[in-house]
>>> print(open('start27.cif').read())   # mmCIF, C-alpha atoms
data_start
loop_
_atom_site.label_atom_id
_atom_site.label_comp_id
_atom_site.auth_asym_id
_atom_site.auth_seq_id
_atom_site.Cartn_x
_atom_site.Cartn_y
_atom_site.Cartn_z
CA MET A 1 0.00 0.00 0.00
CA PHE A 2 2.74 2.45 0.97
CA HIS A 3 5.23 3.67 -1.51
CA ILE A 4 8.13 4.58 0.78
CA ASP A 5 10.09 7.66 -0.15
CA TRP A 6 13.59 6.31 0.55
CA THR A 7 15.35 9.46 -0.68
CA HIS A 8 13.77 11.63 2.02
CA PHE A 9 13.66 8.98 4.77
CA THR A 10 16.12 10.01 7.49
CA PRO A 11 16.22 7.20 10.08
CA ALA A 12 19.46 8.28 11.83
CA THR A 13 18.43 11.86 12.59
CA ALA A 14 14.88 10.70 13.39
CA ILE A 15 16.22 8.30 16.05
CA LEU A 16 18.73 10.83 17.42
CA GLY A 17 16.14 13.62 17.62
CA GLY A 18 13.53 11.26 19.04
CA ALA A 19 15.96 10.14 21.75
CA MET A 20 16.58 13.78 22.73
CA ILE A 21 12.83 14.49 22.85
CA GLY A 22 12.24 11.35 24.95
CA ALA A 23 15.12 12.19 27.30
CA ALA A 24 13.79 15.73 27.83
CA ALA A 25 10.25 14.46 28.48
CA GLY A 26 11.57 11.76 30.81
CA ALA A 27 13.67 14.25 32.76
CA MET A 28 10.69 16.59 33.20
CA ALA A 29 8.54 13.68 34.44
CA LEU A 30 10.96 11.98 36.82
CA GLY A 31 12.92 15.07 37.81
CA GLY A 32 10.13 17.60 38.03
CA GLY A 33 6.91 15.59 38.08
CA LYS A 34 5.59 17.44 35.04
CA ILE A 35 4.23 16.47 31.63
CA ALA A 36 6.32 18.04 28.86
CA GLY A 37 3.33 18.74 26.63
CA ILE A 38 3.89 21.96 24.73
CA SER A 39 0.24 22.93 24.24
CA GLY A 40 -0.52 22.20 27.90
CA ILE A 41 2.46 24.24 29.13
CA PHE A 42 1.91 27.11 26.70
CA GLY A 43 -1.87 27.12 27.10
CA GLY A 44 -1.53 26.77 30.87
CA ALA A 45 0.69 29.85 30.98
CA ILE A 46 -1.84 31.77 28.85
CA ASN A 47 -4.64 30.61 31.16
CA GLU A 48 -2.75 31.91 34.20
CA ALA A 49 -1.90 35.21 32.53
CA MET A 50 -5.54 35.73 31.54
CA GLN A 51 -6.61 35.20 35.14
CA GLY A 52 -4.26 38.01 36.08
CA LYS A 53 -1.84 35.58 37.71
CA ARG A 54 1.86 35.32 37.06
CA PRO A 55 2.47 32.24 34.89
CA THR A 56 4.17 29.39 36.74
CA ALA A 57 7.93 29.86 36.50
CA TRP A 58 8.84 26.36 35.25
CA ARG A 59 6.40 26.74 32.36
CA LEU A 60 8.09 29.96 31.20
CA TRP A 61 11.56 28.43 31.64
CA PHE A 62 10.62 25.36 29.58
CA LEU A 63 9.11 27.48 26.79
CA GLY A 64 12.14 29.78 26.97
CA GLY A 65 14.41 26.75 26.54
CA LEU A 66 12.45 25.59 23.52
CA ILE A 67 12.70 29.02 21.88
CA ALA A 68 16.38 29.31 22.92
CA ALA A 69 17.02 26.01 21.09
CA SER A 70 15.99 27.62 17.82
CA PHE A 71 18.29 30.61 18.40
CA ILE A 72 21.22 28.33 19.31
CA TRP A 73 20.51 26.23 16.20
CA VAL A 74 20.56 29.17 13.75
CA MET A 75 24.07 30.09 14.89
CA PHE A 76 25.27 26.90 13.19
CA ARG A 77 22.78 25.98 10.49
CA PRO A 78 19.48 27.05 9.00
CA ILE A 79 16.20 25.87 10.53
CA PRO A 80 14.89 22.88 8.54
CA GLY A 81 11.85 23.92 6.58
CA ALA A 82 12.25 27.63 7.06
CA HIS A 83 10.95 28.13 3.55
CA TYR A 84 7.65 26.54 2.92
CA GLY A 85 5.11 27.54 0.41
CA GLU A 86 1.70 27.61 1.98
CA SER A 87 -0.65 30.48 1.25
CA TRP A 88 -1.23 32.80 4.17
CA PRO A 89 -4.92 31.99 4.74
CA VAL A 90 -4.06 28.27 5.07
CA ILE A 91 -1.34 29.03 7.64
CA ALA A 92 -3.55 31.48 9.57
CA ILE A 93 -6.57 29.17 9.75
CA GLY A 94 -4.36 26.13 10.39
CA GLY A 95 -2.65 27.91 13.29
CA LEU A 96 -5.96 28.99 14.82
CA ILE A 97 -7.40 25.51 14.81
CA VAL A 98 -4.16 23.92 16.04
CA GLY A 99 -4.20 26.34 18.98
CA PHE A 100 -7.86 25.73 19.77
CA GLY A 101 -7.86 21.98 19.05
CA THR A 102 -4.81 21.13 21.17
CA ARG A 103 -6.37 22.94 24.14
CA LEU A 104 -9.80 21.34 23.69
CA GLY A 105 -8.21 17.91 23.29
CA SER A 106 -5.84 18.54 26.25
CA GLY A 107 -2.66 17.83 24.31
CA CYS A 108 -0.68 17.64 21.10
CA ALA A 109 2.08 15.48 19.67
CA SER A 110 4.27 16.00 22.74
CA GLY A 111 1.71 15.72 25.53
CA HIS A 112 -0.44 12.90 24.14
CA GLY A 113 2.15 11.47 21.73
CA VAL A 114 5.41 11.26 23.66
CA CYS A 115 4.27 11.60 27.29
CA GLY A 116 0.83 9.99 27.07
CA LEU A 117 1.95 6.94 25.11
CA SER A 118 4.90 6.30 27.45
CA ARG A 119 2.45 6.46 30.38
CA PHE A 120 0.21 3.93 28.55
CA SER A 121 -2.69 6.38 28.80
CA PRO A 122 -5.76 5.11 26.91
CA ARG A 123 -6.91 8.73 26.46
CA SER A 124 -3.65 9.61 24.75
CA MET A 125 -3.78 6.54 22.52
CA ALA A 126 -7.24 7.63 21.36
CA ALA A 127 -6.04 11.22 20.88
CA VAL A 128 -2.94 10.21 18.87
CA GLY A 129 -4.98 7.90 16.63
CA THR A 130 -7.50 10.69 16.06
CA PHE A 131 -5.05 13.47 15.20
CA ILE A 132 -2.86 11.31 12.98
CA GLY A 133 -5.97 9.98 11.22
CA MET A 134 -7.43 13.46 10.72
CA GLY A 135 -4.02 14.78 9.65
CA MET A 136 -3.76 12.06 7.02
CA ALA A 137 -7.32 12.66 5.83
CA THR A 138 -6.73 16.43 5.62
CA THR A 139 -3.48 15.97 3.71
CA PHE A 140 -5.24 13.64 1.30
CA VAL A 141 -8.03 16.15 0.67
CA MET A 142 -5.65 19.10 0.27
CA ARG A 143 -3.04 17.36 -1.88
CA HIS A 144 -4.96 14.88 -3.93
CA LEU A 145 -8.50 16.23 -4.10
CA LEU A 146 -7.94 19.98 -4.07
CA GLY A 147 -4.47 19.71 -5.60
CA GLY A 148 -2.97 22.33 -3.31
CA ALA A 149 -0.13 22.19 -0.74
CA MET B 1 13.17 23.13 38.76
CA LYS B 2 13.72 26.26 36.65
CA ILE B 3 17.09 24.99 35.45
CA LEU B 4 15.69 21.52 34.78
CA ALA B 5 12.79 23.04 32.82
CA PHE B 6 15.09 25.29 30.79
CA ILE B 7 17.57 22.51 29.93
CA SER B 8 14.71 20.13 29.09
CA GLY B 9 13.24 22.81 26.84
CA VAL B 10 16.55 23.27 25.01
CA VAL B 11 17.11 19.50 24.58
CA PHE B 12 13.49 19.02 23.48
CA GLY B 13 13.84 21.83 20.94
CA ILE B 14 17.17 20.62 19.55
CA GLY B 15 15.61 17.14 19.30
CA LEU B 16 12.75 18.53 17.20
CA LEU B 17 15.23 20.39 14.97
CA VAL B 18 17.61 17.40 14.59
CA SER B 19 14.75 15.05 13.73
CA GLY B 20 13.46 17.42 11.04
CA MET B 21 10.03 17.74 12.68
CA THR B 22 10.23 21.53 12.37
CA ASP B 23 10.07 21.07 8.61
CA PRO B 24 6.39 21.17 7.58
CA ALA B 25 7.23 19.44 4.30
CA LYS B 26 8.63 16.46 6.23
CA VAL B 27 5.58 16.21 8.48
CA ILE B 28 3.27 16.43 5.46
CA ALA B 29 5.36 13.73 3.74
CA PHE B 30 4.54 11.47 6.70
CA LEU B 31 0.84 12.34 6.68
CA ASP B 32 0.55 11.92 2.91
CA ILE B 33 0.17 8.15 2.70
CA ALA B 34 -1.11 8.35 -0.89
CA GLY B 35 2.05 10.02 -2.14
CA PRO B 36 5.72 9.05 -1.67
CA TRP B 37 5.62 8.24 2.05
CA ASP B 38 8.36 9.36 4.46
CA PRO B 39 8.10 7.24 7.63
CA SER B 40 10.67 9.35 9.57
CA LEU B 41 8.09 10.83 11.98
CA ILE B 42 7.01 7.42 13.21
CA LEU B 43 10.65 6.64 14.11
CA VAL B 44 10.92 9.95 15.99
CA MET B 45 7.78 9.09 17.94
CA ILE B 46 8.74 5.46 18.66
CA THR B 47 12.25 6.41 19.81
CA ALA B 48 10.97 9.26 21.99
CA VAL B 49 8.37 6.99 23.63
CA LEU B 50 10.91 4.19 24.22
CA VAL B 51 13.43 6.59 25.80
CA ALA B 52 10.76 8.26 27.96
CA LEU B 53 9.18 4.95 28.95
CA VAL B 54 11.35 4.03 31.96
CA PRO B 55 11.49 7.50 33.62
CA MET B 56 7.77 8.01 32.92
CA GLN B 57 6.78 4.66 34.44
CA MET B 58 9.06 5.29 37.43
CA ALA B 59 7.53 8.74 37.89
CA GLN B 60 3.99 7.30 37.73
CA ARG B 61 4.79 5.04 40.67
CA ARG B 62 6.15 7.83 42.83
CA SER B 63 4.31 10.55 44.72
CA GLN B 64 7.24 12.97 44.57
CA SER B 65 9.67 13.72 41.78
CA LEU B 66 13.44 13.43 42.25
CA MET B 67 13.54 17.18 42.87
CA GLY B 68 10.84 16.92 45.51
CA GLU B 69 8.05 18.33 43.36
CA LYS B 70 4.59 16.80 43.44
CA ILE B 71 3.97 14.40 40.54
CA ALA B 72 1.31 16.42 38.69
CA PHE B 73 0.14 14.13 35.92
CA PRO B 74 -3.30 14.48 34.33
CA SER B 75 -5.98 12.84 36.45
CA THR B 76 -8.71 12.85 33.83
CA ARG B 77 -9.92 9.39 32.91
CA GLY B 78 -12.10 8.20 30.08
CA ILE B 79 -12.25 8.96 26.40
CA ASN B 80 -14.81 11.72 25.91
CA GLY B 81 -16.16 13.89 23.12
CA LYS B 82 -13.99 16.83 24.11
CA LEU B 83 -10.81 14.77 23.75
CA ILE B 84 -11.79 13.34 20.38
CA ALA B 85 -13.21 16.61 18.99
CA GLY B 86 -10.14 18.58 20.09
CA SER B 87 -7.75 15.99 18.67
CA ALA B 88 -9.69 15.88 15.39
CA ILE B 89 -9.61 19.69 15.09
CA PHE B 90 -5.88 19.67 15.86
CA GLY B 91 -5.34 16.94 13.24
CA ILE B 92 -7.03 19.06 10.56
CA GLY B 93 -4.79 22.06 11.34
CA TRP B 94 -1.73 19.79 11.47
CA GLY B 95 -2.57 18.32 8.08
CA MET B 96 -3.17 21.78 6.60
CA THR B 97 0.11 23.31 7.76
CA GLY B 98 2.45 20.48 8.81
CA LEU B 99 3.08 22.31 12.06
CA CYS B 100 2.17 21.69 15.67
CA PRO B 101 2.92 23.65 18.86
CA GLY B 102 6.39 22.24 19.71
CA PRO B 103 8.02 22.66 16.29
CA SER B 104 6.40 26.08 15.96
CA LEU B 105 8.22 27.32 19.06
CA ALA B 106 11.46 25.49 18.22
CA SER B 107 11.71 27.19 14.83
CA LEU B 108 10.84 30.78 15.78
CA ALA B 109 14.43 31.87 15.07
CA ALA B 110 13.86 31.05 11.41
CA SER B 111 12.03 34.40 11.43
CA THR B 112 10.04 33.73 8.28
CA TRP B 113 6.62 35.33 7.94
CA GLN B 114 5.07 31.86 7.67
CA GLU B 115 6.55 30.83 11.01
CA TRP B 116 5.44 34.01 12.80
CA LEU B 117 1.99 33.87 11.21
CA PHE B 118 1.49 30.28 12.35
CA PHE B 119 2.78 31.07 15.83
CA SER B 120 0.55 34.16 16.20
CA SER B 121 -2.57 32.43 14.99
CA MET B 122 -1.88 29.40 17.21
CA PHE B 123 -1.52 31.83 20.13
CA ALA B 124 -4.82 33.46 19.12
CA GLY B 125 -6.46 30.02 18.95
CA MET B 126 -5.34 29.25 22.50
CA ILE B 127 -6.64 32.60 23.74
CA GLY B 128 -9.88 31.87 21.87
CA PHE B 129 -10.15 28.59 23.78
CA GLU B 130 -9.70 30.36 27.12
CA LEU B 131 -12.38 32.93 26.23
CA TRP B 132 -14.73 30.18 25.09
CA GLN B 133 -14.14 28.29 28.33
CA ARG B 134 -14.83 31.38 30.37
CA PHE B 135 -17.76 32.93 28.56
CA GLY B 136 -19.14 30.17 26.39
CA LYS B 137 -19.07 27.26 28.81
CA PRO B 138 -18.60 28.62 32.34
CA ALA B 139 -19.35 25.27 33.96
CA THR B 140 -16.17 23.62 32.69
CA ALA B 141 -13.79 26.51 33.32
CA THR B 142 -11.98 24.66 36.06
CA THR B 143 -10.60 22.01 33.71
CA SER B 144 -9.17 24.47 31.23
CA SER B 145 -5.53 23.62 31.85
CA GLY B 146 -6.24 19.90 31.81
CA LEU B 147 -3.94 19.40 34.75
CA VAL B 148 -4.55 18.27 38.29
CA LYS B 149 -5.56 21.12 40.53
CA THR B 150 -6.01 19.04 43.64
CA PRO B 151 -3.21 16.89 45.10
CA ALA B 152 -2.25 14.21 42.60
CA PRO B 153 -3.45 10.74 43.54
CA SER B 154 -0.36 8.67 44.15
CA LYS B 155 -0.37 5.45 42.24
CA PRO B 156 0.00 2.32 44.32
#
>>> encode(input="start27.cif", output="structure tokens")
Amino acid sequence: MFHIDWTHFTPATAILGGAMIGAAAGAMALGGGKIAGISGIFGGAINEAMQGKRPTAWRLWFLGGLIAASFIWVMFRPIPGAHYGESWPVIAIGGLIVGFGTRLGSGCASGHGVCGLSRFSPRSMAAVGTFIGMGMATTFVMRHLLGGA
Amino acid sequence: MKILAFISGVVFGIGLLVSGMTDPAKVIAFLDIAGPWDPSLILVMITAVLVALVPMQMAQRRSQSLMGEKIAFPSTRGINGKLIAGSAIFGIGWGMTGLCPGPSLASLAASTWQEWLFFSSMFAGMIGFELWQRFGKPATATTSSGLVKTPAPSKP
């Protein structure tokens, strides 16, 4: 069924990057007792700020680290995928619904994907299956039915 | 805790960049099963889960983290409409753009208009959720962060 794109398949960097992501999530869980889910941390900080409270410090430090990673990276090499050719309405609407959807569904690829699956959470398994399935369906519609992207 | 959170954030971000998950074209190539399929993302996910497995399972069995913090894992149980609807909405946005919250933050330094547009509209979407929780559905406002507000039940 699948026609694997061997020329763009990058197993070595996928495993190396995945190991770093897993190590960071594991350290946050065992070291700090926290779930390293980006939408939960980011949305949680927004929630606190909107209640007039100061966002929890560890949340800001984690998000700061994530953003710092991109600034450290660009000192040595360009960000992968810095140039992509979506039209601005697609990016704007896509961003809006990613922001809303990850909060409504209590997690994204990091919270439900990495952390939830390694906790064997049935909720996260259902969430991951749903967002990958919908992502695949959306890509199919946009690429093969509408001919865009 | 601040230092741990910052270092974890940096390592997490570098991991996303190394793996290529900040490249929307690569994510779309994984989601596009009808075209030439790039299975890299599944390897990123499997490796990350395998590496996180032992510390996560150890943490689940403790009441306190190694740094003495309370283990604050989500206490919600059960697969409900909110979880599935939210995940489905997220999946549509992910399939449209090839971006999700982590990679969006980890590639801000690329400073392209696409990156900033995605980031700003994602931010707006999260604010929209908070407003909807507060004014649209006041009864569920307490669960907006999805995290445990009361002391975490320690697993036996």
>>> resolve_selection(input="start27.cif", expression="the PyMOL selection byres ((chain A and resi 53-64) around 7)", output="PyMOL selection string")
(chain A and resi 41+45+48-49+51-52+65-68) or (chain B and resi 1-2+5-6+8-9)
>>> closest_residue(input="start27.cif", among="B:Met21, B:Ala29, B:Leu131, B:Leu83", to="chain A", atoms="only C-alpha atoms")
B:Leu83
>>> resolve_selection(input="start27.cif", expression="the PyMOL selection byres ((chain A and resi 30-35) around 9)", output="PyMOL selection string")
(chain A and resi 25-29+36-38+40-41+110-111+115-116) or (chain B and resi 1+4-5+55-60+62-74)
>>> residues_near_point(input="start27.cif", point="(6.1, 3.2, 30.8)", cutoff="7 Å", atoms="only C-alpha atoms", output="NGL selection string")
(:A and (118-120)) or (:B and (53-54 or 56-57))
>>> closest_residue(input="start27.cif", among="A:Val128, A:Leu145, A:Ile79, A:Thr139", to="Ile84 (chain B)", atoms="only C-alpha atoms")
A:Val128
>>> residues_around(input="start27.cif", residues="Ala85 (chain B)", least_positions_apart="4", cutoff="10 Å", atoms="all atoms listed in the file", output="VMD selection string")
(chain A and resid 101 to 102 104 to 105 127 130 to 131) or (chain B and resid 80 to 81 89 to 91)
>>> atom_distance(input="start27.cif", atom1="CA of Val90 (chain A)", atom2="CA of Ser70 (chain A)")
23.8 Å
>>> decode(input="start27.cif", residues="region 9-114 of chain A", atoms="C-alpha atoms", output="compact mmCIF listing (two decimals), in the first residue's frame")
# COMPACT_ATOMS: atom_id res chain seq x y z
CA PHE A 9 13.66 8.98 4.77
CA THR A 10 16.12 10.01 7.49
CA PRO A 11 16.22 7.20 10.08
CA ALA A 12 19.46 8.28 11.83
CA THR A 13 18.43 11.86 12.59
CA ALA A 14 14.88 10.70 13.39
CA ILE A 15 16.22 8.30 16.05
CA LEU A 16 18.73 10.83 17.42
CA GLY A 17 16.14 13.62 17.62
CA GLY A 18 13.53 11.26 19.04
CA ALA A 19 15.96 10.14 21.75
CA MET A 20 16.58 13.78 22.73
CA ILE A 21 12.83 14.49 22.85
CA GLY A 22 12.24 11.35 24.95
CA ALA A 23 15.12 12.19 27.30
CA ALA A 24 13.79 15.73 27.83
CA ALA A 25 10.25 14.46 28.48
CA GLY A 26 11.57 11.76 30.81
CA ALA A 27 13.67 14.25 32.76
CA MET A 28 10.69 16.59 33.20
CA ALA A 29 8.54 13.68 34.44
CA LEU A 30 10.96 11.98 36.82
CA GLY A 31 12.92 15.07 37.81
CA GLY A 32 10.13 17.60 38.03
CA GLY A 33 6.91 15.59 38.08
CA LYS A 34 5.59 17.44 35.04
CA ILE A 35 4.23 16.47 31.63
CA ALA A 36 6.32 18.04 28.86
CA GLY A 37 3.33 18.74 26.63
CA ILE A 38 3.89 21.96 24.73
CA SER A 39 0.24 22.93 24.24
CA GLY A 40 -0.52 22.20 27.90
CA ILE A 41 2.46 24.24 29.13
CA PHE A 42 1.91 27.11 26.70
CA GLY A 43 -1.87 27.12 27.10
CA GLY A 44 -1.53 26.77 30.87
CA ALA A 45 0.69 29.85 30.98
CA ILE A 46 -1.84 31.77 28.85
CA ASN A 47 -4.64 30.61 31.16
CA GLU A 48 -2.75 31.91 34.20
CA ALA A 49 -1.90 35.21 32.53
CA MET A 50 -5.54 35.73 31.54
CA GLN A 51 -6.61 35.20 35.14
CA GLY A 52 -4.26 38.01 36.08
CA LYS A 53 -1.84 35.58 37.71
CA ARG A 54 1.86 35.32 37.06
CA PRO A 55 2.47 32.24 34.89
CA THR A 56 4.17 29.39 36.74
CA ALA A 57 7.93 29.86 36.50
CA TRP A 58 8.84 26.36 35.25
CA ARG A 59 6.40 26.74 32.36
CA LEU A 60 8.09 29.96 31.20
CA TRP A 61 11.56 28.43 31.64
CA PHE A 62 10.62 25.36 29.58
CA LEU A 63 9.11 27.48 26.79
CA GLY A 64 12.14 29.78 26.97
CA GLY A 65 14.41 26.75 26.54
CA LEU A 66 12.45 25.59 23.52
CA ILE A 67 12.70 29.02 21.88
CA ALA A 68 16.38 29.31 22.92
CA ALA A 69 17.02 26.01 21.09
CA SER A 70 15.99 27.62 17.82
CA PHE A 71 18.29 30.61 18.40
CA ILE A 72 21.22 28.33 19.31
CA TRP A 73 20.51 26.23 16.20
CA VAL A 74 20.56 29.17 13.75
CA MET A 75 24.07 30.09 14.89
CA PHE A 76 25.27 26.90 13.19
CA ARG A 77 22.78 25.98 10.49
CA PRO A 78 19.48 27.05 9.00
CA ILE A 79 16.20 25.87 10.53
CA PRO A 80 14.89 22.88 8.54
CA GLY A 81 11.85 23.92 6.58
CA ALA A 82 12.25 27.63 7.06
CA HIS A 83 10.95 28.13 3.55
CA TYR A 84 7.65 26.54 2.92
CA GLY A 85 5.11 27.54 0.41
CA GLU A 86 1.70 27.61 1.98
CA SER A 87 -0.65 30.48 1.25
CA TRP A 88 -1.23 32.80 4.17
CA PRO A 89 -4.92 31.99 4.74
CA VAL A 90 -4.06 28.27 5.07
CA ILE A 91 -1.34 29.03 7.64
CA ALA A 92 -3.55 31.48 9.57
CA ILE A 93 -6.57 29.17 9.75
CA GLY A 94 -4.36 26.13 10.39
CA GLY A 95 -2.65 27.91 13.29
CA LEU A 96 -5.96 28.99 14.82
CA ILE A 97 -7.40 25.51 14.81
CA VAL A 98 -4.16 23.92 16.04
CA GLY A 99 -4.20 26.34 18.98
CA PHE A 100 -7.86 25.73 19.77
CA GLY A 101 -7.86 21.98 19.05
CA THR A 102 -4.81 21.13 21.17
CA ARG A 103 -6.37 22.94 24.14
CA LEU A 104 -9.80 21.34 23.69
CA GLY A 105 -8.21 17.91 23.29
CA SER A 106 -5.84 18.54 26.25
CA GLY A 107 -2.66 17.83 24.31
CA CYS A 108 -0.68 17.64 21.10
CA ALA A 109 2.08 15.48 19.67
CA SER A 110 4.27 16.00 22.74
CA GLY A 111 1.71 15.72 25.53
CA HIS A 112 -0.44 12.90 24.14
CA GLY A 113 2.15 11.47 21.73
CA VAL A 114 5.41 11.26 23.66
